[in-house]
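Structure file coords_18.csv (CSV, C-alpha atoms and all ligand atoms) follows.
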chain,number,residue,atom,x,y,z
A,1,MET,CA,-15.6,-14.2,25.8
A,2,ALA,CA,-13.5,-11.3,24.8
A,3,LEU,CA,-11.4,-9.8,27.7
A,4,PRO,CA,-12.7,-6.5,29.0
A,5,SER,CA,-10.6,-3.5,27.8
A,6,LEU,CA,-9.2,-0.8,30.0
A,7,SER,CA,-9.7,2.8,29.1
A,8,ALA,CA,-6.7,5.2,29.2
A,9,PRO,CA,-7.1,8.6,30.8
A,10,GLU,CA,-7.0,11.6,28.4
A,11,PHE,CA,-5.1,14.9,28.8
A,12,LEU,CA,-4.9,18.2,27.1
A,13,THR,CA,-1.8,20.2,26.0
A,14,LYS,CA,-0.8,22.8,23.5
A,15,VAL,CA,1.3,22.5,20.4
A,16,PRO,CA,4.1,25.0,21.1
A,17,SER,CA,4.6,26.3,17.6
A,18,THR,CA,0.8,26.9,16.9
A,19,GLY,CA,-0.8,27.1,20.3
A,20,GLU,CA,-3.4,24.6,19.1
A,21,GLU,CA,-4.9,22.5,21.9
A,22,ILE,CA,-4.7,18.8,21.5
A,23,LYS,CA,-5.9,15.8,23.4
A,24,TYR,CA,-3.6,12.8,24.2
A,25,ARG,CA,-3.4,9.7,26.2
A,26,PRO,CA,-0.3,8.3,28.0
A,27,PHE,CA,2.0,5.6,26.5
A,28,LEU,CA,0.7,2.0,27.0
A,29,VAL,CA,2.9,-1.1,27.2
A,30,LYS,CA,2.8,-1.4,23.4
A,31,GLU,CA,4.3,2.1,23.0
A,32,GLU,CA,7.0,1.4,25.7
A,33,LYS,CA,8.0,-1.6,23.6
A,34,ILE,CA,8.3,0.4,20.5
A,35,LEU,CA,10.5,2.9,22.3
A,36,LEU,CA,12.7,0.4,24.0
A,37,MET,CA,13.4,-1.5,20.8
A,38,ALA,CA,14.4,1.7,19.1
A,39,LEU,CA,16.6,2.8,22.0
A,40,GLU,CA,18.4,-0.6,22.0
A,41,GLY,CA,19.2,-0.2,18.3
A,42,ASN,CA,20.8,3.2,19.1
A,43,ASP,CA,20.1,4.4,15.5
A,44,GLN,CA,18.9,8.0,15.4
A,45,GLY,CA,16.6,7.4,12.4
A,46,GLU,CA,14.9,4.5,14.1
A,47,ILE,CA,14.5,6.4,17.4
A,48,THR,CA,12.9,9.3,15.4
A,49,ASN,CA,10.5,6.8,13.7
A,50,ALA,CA,9.6,5.3,17.0
A,51,ILE,CA,8.9,8.7,18.5
A,52,MET,CA,6.7,9.7,15.5
A,53,LYS,CA,4.8,6.4,15.7
A,54,ILE,CA,4.2,6.8,19.4
A,55,LEU,CA,2.9,10.4,19.0
A,56,GLY,CA,0.6,9.1,16.2
A,57,ASN,CA,-0.8,6.5,18.5
A,58,CYS,CA,-1.2,8.7,21.6
A,59,ILE,CA,-2.4,12.0,20.1
A,60,LEU,CA,-6.1,11.7,19.9
A,61,SER,CA,-6.8,15.0,18.1
A,62,ASP,CA,-6.6,15.1,14.3
A,63,ILE,CA,-3.3,16.8,13.5
A,64,ASP,CA,-0.7,16.4,10.8
A,65,LEU,CA,2.4,15.1,12.6
A,66,LYS,CA,4.5,15.8,9.5
A,67,LYS,CA,3.8,19.5,10.0
A,68,LEU,CA,5.1,19.6,13.6
A,69,ALA,CA,8.3,21.5,14.2
A,70,THR,CA,11.1,19.4,15.8
A,71,PHE,CA,10.7,21.3,19.1
A,72,ASP,CA,6.9,20.5,19.0
A,73,VAL,CA,7.7,16.8,18.7
A,74,GLU,CA,10.2,16.9,21.5
A,75,TYR,CA,7.9,18.8,23.8
A,76,LEU,CA,4.9,16.6,23.1
A,77,PHE,CA,6.9,13.4,23.5
A,78,LEU,CA,8.2,14.6,26.9
A,79,LYS,CA,4.6,15.4,28.0
A,80,LEU,CA,3.4,12.0,26.9
A,81,ARG,CA,6.3,10.3,28.7
A,82,GLY,CA,5.6,12.4,31.8
A,83,LYS,CA,2.0,11.2,32.0
A,84,SER,CA,3.1,7.6,31.3
A,85,VAL,CA,6.2,6.8,33.2
A,86,GLY,CA,6.2,9.6,35.7
A,87,GLU,CA,6.9,13.3,35.8
A,88,VAL,CA,10.2,13.1,37.5
A,89,VAL,CA,13.3,12.3,35.4
A,90,GLU,CA,16.5,11.4,37.3
A,91,LEU,CA,19.8,12.5,35.7
A,92,LYS,CA,23.4,12.2,36.7
A,93,ILE,CA,25.2,15.4,35.7
A,94,GLY,CA,28.9,16.2,35.8
A,95,HIS,CA,30.4,19.7,36.2
A,96,SER,CA,29.8,22.2,33.4
A,97,ASP,CA,33.6,22.4,32.9
A,98,PRO,CA,34.6,18.9,31.6
A,99,GLU,CA,38.2,19.7,32.7
A,100,SER,CA,37.0,20.2,36.3
A,101,ALA,CA,39.2,18.5,38.9
A,102,CYS,CA,36.1,17.1,40.5
A,103,GLN,CA,34.6,14.4,38.2
A,104,HIS,CA,31.6,13.7,40.5
A,105,ARG,CA,28.3,13.3,38.7
A,106,THR,CA,25.5,14.6,40.9
A,107,GLU,CA,22.1,12.9,40.9
A,108,ILE,CA,19.5,15.5,40.0
A,109,GLU,CA,15.7,15.2,39.7
A,110,ILE,CA,13.9,17.2,37.0
A,111,ASN,CA,10.2,17.6,36.8
A,112,ILE,CA,9.0,17.2,33.2
A,113,ASP,CA,6.4,19.9,33.8
A,114,ASP,CA,9.2,22.4,34.4
A,115,ILE,CA,10.8,21.8,31.0
A,116,ALA,CA,9.6,24.4,28.5
A,117,VAL,CA,10.0,25.5,24.9
A,118,VAL,CA,12.1,28.6,25.2
A,119,GLY,CA,12.4,31.5,22.8
A,120,ASP,CA,10.1,33.7,20.7
A,121,LYS,CA,8.9,32.6,17.3
A,122,PRO,CA,11.0,34.5,14.7
A,123,ASN,CA,9.1,36.0,11.9
A,124,ASP,CA,8.6,33.3,9.2
A,125,LYS,CA,8.2,35.9,6.4
A,126,ILE,CA,11.7,37.2,5.6
A,127,GLN,CA,12.0,40.3,3.5
A,128,LEU,CA,15.1,40.1,1.3
A,129,ASP,CA,15.0,43.4,-0.5
A,130,ASP,CA,12.4,46.1,-1.1
A,131,SER,CA,10.0,43.9,-3.0
A,132,ILE,CA,11.0,40.2,-2.6
A,133,GLY,CA,10.7,38.0,0.4
A,134,VAL,CA,10.5,34.4,1.3
A,135,LYS,CA,8.1,32.4,3.6
A,136,VAL,CA,9.8,29.6,5.5
A,137,ARG,CA,8.6,27.1,8.1
A,138,PHE,CA,10.4,25.4,11.0
A,139,ALA,CA,12.1,22.2,10.2
A,140,GLY,CA,10.2,19.0,11.1
A,141,MET,CA,11.5,15.6,12.1
A,142,ASP,CA,11.5,14.4,8.4
A,143,ASP,CA,13.7,17.4,7.4
A,144,ILE,CA,16.4,16.9,10.0
A,145,SER,CA,16.5,13.1,10.1
A,146,SER,CA,18.7,13.0,7.0
A,147,VAL,CA,20.9,16.1,7.6
A,148,ASP,CA,23.7,17.1,9.9
A,149,THR,CA,22.7,20.6,11.0
A,150,ASN,CA,26.4,21.4,11.8
A,151,SER,CA,27.4,21.0,8.2
A,152,SER,CA,26.8,24.1,6.0
A,153,SER,CA,25.9,22.1,2.9
A,154,ASP,CA,23.3,20.2,4.9
A,155,LEU,CA,22.0,23.4,6.3
A,156,PHE,CA,21.5,24.5,2.7
A,157,LYS,CA,19.5,21.4,2.0
A,158,LEU,CA,17.4,21.9,5.1
A,159,ILE,CA,16.6,25.4,4.1
A,160,THR,CA,15.7,24.3,0.5
A,161,ASN,CA,13.1,21.9,2.1
A,162,CYS,CA,11.7,24.5,4.4
A,163,VAL,CA,10.9,27.3,1.9
A,164,GLU,CA,7.1,27.4,1.5
A,165,TYR,CA,6.9,30.2,-1.1
A,166,VAL,CA,8.6,33.3,-2.5
A,167,TYR,CA,6.6,36.5,-2.8
A,168,ASP,CA,6.9,39.9,-4.3
A,169,GLU,CA,4.4,42.8,-4.5
A,170,GLU,CA,2.3,41.1,-7.1
A,171,ASN,CA,2.6,37.4,-6.7
A,172,VAL,CA,3.2,34.4,-4.5
A,173,TYR,CA,5.4,31.7,-6.0
A,174,GLY,CA,4.7,28.4,-4.4
A,175,GLU,CA,5.3,26.0,-7.3
A,176,PHE,CA,9.0,25.0,-7.7
A,177,SER,CA,11.2,22.0,-7.8
A,178,LYS,CA,14.0,21.4,-5.3
A,179,GLN,CA,16.5,22.2,-8.0
A,180,GLU,CA,14.8,25.5,-8.9
A,181,MET,CA,14.8,26.5,-5.2
A,182,GLU,CA,18.5,25.6,-4.8
A,183,LYS,CA,19.3,27.8,-7.8
A,184,TRP,CA,17.2,30.6,-6.4
A,185,LEU,CA,18.9,30.5,-3.0
A,186,GLU,CA,22.3,30.4,-4.6
A,187,GLN,CA,21.8,33.7,-6.3
A,188,LEU,CA,21.1,35.5,-2.9
A,189,SER,CA,23.8,37.7,-1.4
A,190,SER,CA,25.5,36.4,1.7
A,191,GLU,CA,23.6,39.0,3.8
A,192,GLN,CA,20.3,37.9,2.4
A,193,PHE,CA,21.1,34.3,3.0
A,194,ALA,CA,22.1,35.0,6.6
A,195,LYS,CA,18.7,36.5,7.2
A,196,ILE,CA,17.2,33.1,6.3
A,197,THR,CA,19.7,31.0,8.4
A,198,ASP,CA,19.0,33.3,11.3
A,199,PHE,CA,15.4,32.1,11.3
A,200,PHE,CA,16.6,28.5,11.8
A,201,ASN,CA,19.3,29.4,14.3
A,202,ASN,CA,16.8,31.3,16.4
A,203,ALA,CA,14.0,28.7,16.4
A,204,PRO,CA,12.6,28.0,19.9
A,205,LYS,CA,14.2,25.1,21.7
A,206,LEU,CA,13.3,22.6,24.4
A,207,GLN,CA,15.5,23.9,27.2
A,208,HIS,CA,15.9,23.6,30.9
A,209,VAL,CA,18.5,25.2,33.2
A,210,VAL,CA,19.7,23.0,36.0
A,211,LYS,CA,21.5,24.5,39.1
A,212,TRP,CA,23.0,22.3,41.8
A,213,LYS,CA,25.6,22.2,44.5
A,214,CYS,CA,28.1,19.3,44.1
A,215,PRO,CA,28.1,17.2,47.3
A,216,GLU,CA,31.7,16.1,46.6
A,217,CYS,CA,33.5,19.4,46.2
A,218,GLY,CA,30.8,21.9,47.3
A,219,LYS,CA,31.0,23.9,44.1
A,220,GLU,CA,27.7,25.4,42.8
A,221,ASP,CA,27.2,24.8,39.1
A,222,GLU,CA,24.8,25.3,36.3
A,223,ILE,CA,24.1,23.7,33.0
A,224,THR,CA,21.5,24.2,30.2
A,225,LEU,CA,20.0,21.0,28.9
A,226,GLU,CA,18.7,21.2,25.3
A,227,GLY,CA,16.8,18.9,23.1
A,228,LEU,CA,15.1,15.6,23.9
A,229,ALA,CA,18.3,13.5,24.1
A,230,ALA,CA,19.5,15.6,27.1
A,231,PHE,CA,16.6,14.3,29.2
A,232,PHE,CA,17.3,10.6,28.5
A,233,THR,CA,20.4,8.9,29.7
A,301,ZN,ZN,32.2,18.5,42.3
Kindly transcribe the structure held in the file into structure tokens.
Amino acid sequence: MALPSLSAPEFLTKVPSTGEEIKYRPFLVKEEKILLMALEGNDQGEITNAIMKILGNCILSDIDLKKLATFDVEYLFLKLRGKSVGEVVELKIGHSDPESACQHRTEIEINIDDIAVVGDKPNDKIQLDDSIGVKVRFAGMDDISSVDTNSSSDLFKLITNCVEYVYDEENVYGEFSKQEMEKWLEQLSSEQFAKITDFFNNAPKLQHVVKWKCPECGKEDEITLEGLAAFFT
């Protein structure tokens, strides 16, 4: 006789970039295993793959994961983890000044429900002159997995990937190769290009401010945690 199967509870949340409501279930043991294996390997690409696989398993609504912005993925993953492992994350945090005489790391508990995506969505249609503009989208996990966002040539690559179309008063130009887009971006003025990079620099972020009083030296301190990695130690 087949063993009886257990049903997982279902929860609702919203995709931060679109506001779309989705249904999800918590991680099960199989997803924990996927995550642990990836974390052991300590390879960023594998960790990203594991996160996407787990989201694919646990999100029950029909959504295109590839279209999610990086901050959507981070937020949804934290939500899923909260409902699976527990909503409280324990971190040990040192003083905001790494040169501080006190090197004590204070144990701090953070409730996952308090962690939010912070920042308004910048306008994704960027007007470059009187008639021509460009429509961009937020970078997804696929876009950033192969680039170093601190390198300017990589940022250029990222932007090339994230242009959806160019428009003027009469037309929308959505058909182009990567090479054509690179050439097109290269003929912009620095000022025009800066308008596009601003969109990416001002994208909303998964962020949480932690304030605490160090039990060792008594000093009050504050640190801003950003991105998924900050919430796992
Ligand atoms: Zn201290």
- Message: Show me which residues are within 10 Å of ligand ZN 301 (chain A) counting all atoms listed in the file, and format the list as a ChimeraX atom specification.
- Response: /A:94-96,100-106,212-221
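If only C-alpha atoms are the atoms counted, then among A:Gln192, A:Ser7, A:Ser145, A:Thr224 the closest residue to Met52 of chain A is A:Ser145.
Nearest-residue note for Lys125 of chain A: choosing from A:Phe176, A:Phe200, A:Tyr167, A:Phe156, the minimum distance belongs to A:Tyr167, counting all atoms listed in the file.
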Could you give me, as a PDB file with C-alpha atoms, keeping the file's coordinate frame, the residues within 7 Å of Ile223 of chain A, counting only C-alpha atoms and dropping anything in the same chain fewer than 3 positions from it?
ATOM      1  CA  SER A  96      29.800  22.200  33.400  1.00  0.00           C
ATOM      2  CA  VAL A 209      18.500  25.200  33.200  1.00  0.00           C
ATOM      3  CA  VAL A 210      19.700  23.000  36.000  1.00  0.00           C
ATOM      4  CA  LYS A 211      21.500  24.500  39.100  1.00  0.00           C
TER       5      LYS A 211
END
- Query: Can you tell me how far atom CA of Asp130 of chain A sits from atom CA of Glu175 of chain A, in Å to one decimal?
  - Reply: 22.2 Å
- Nearest to Phe138 of chain A by atom-to-atom distance, counting only C-alpha atoms, from A:Asp62, A:Glu191, A:Asp72, A:Glu21: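 Going through A:Asp62, A:Glu191, A:Asp72, A:Glu21 one by one, the smallest distance to Phe138 of chain A is for A:Asp72.
Nearest residue to Ala139 of chain A, choosing from A:Ile47, A:Ile126, A:Ile108, A:Val73 and counting all atoms listed in the file: A:Val73.
The residue that comes closest to Gly86 of chain A, out of A:Thr48, A:Pro122, A:Phe27, A:Asp129 and on the basis of only C-alpha atoms, is A:Phe27.
Atom CA of Arg81 of chain A sits 25.4 Å away from atom CA of Pro4 of chain A.
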- Task: Quote the spacing between atom CA of Lys33 of chain A and atom CA of Phe11 of chain A in Å to one decimal place.
- Result: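 Straight-line distance from atom CA of Lys33 of chain A to atom CA of Phe11 of chain A works out to 21.7 Å.
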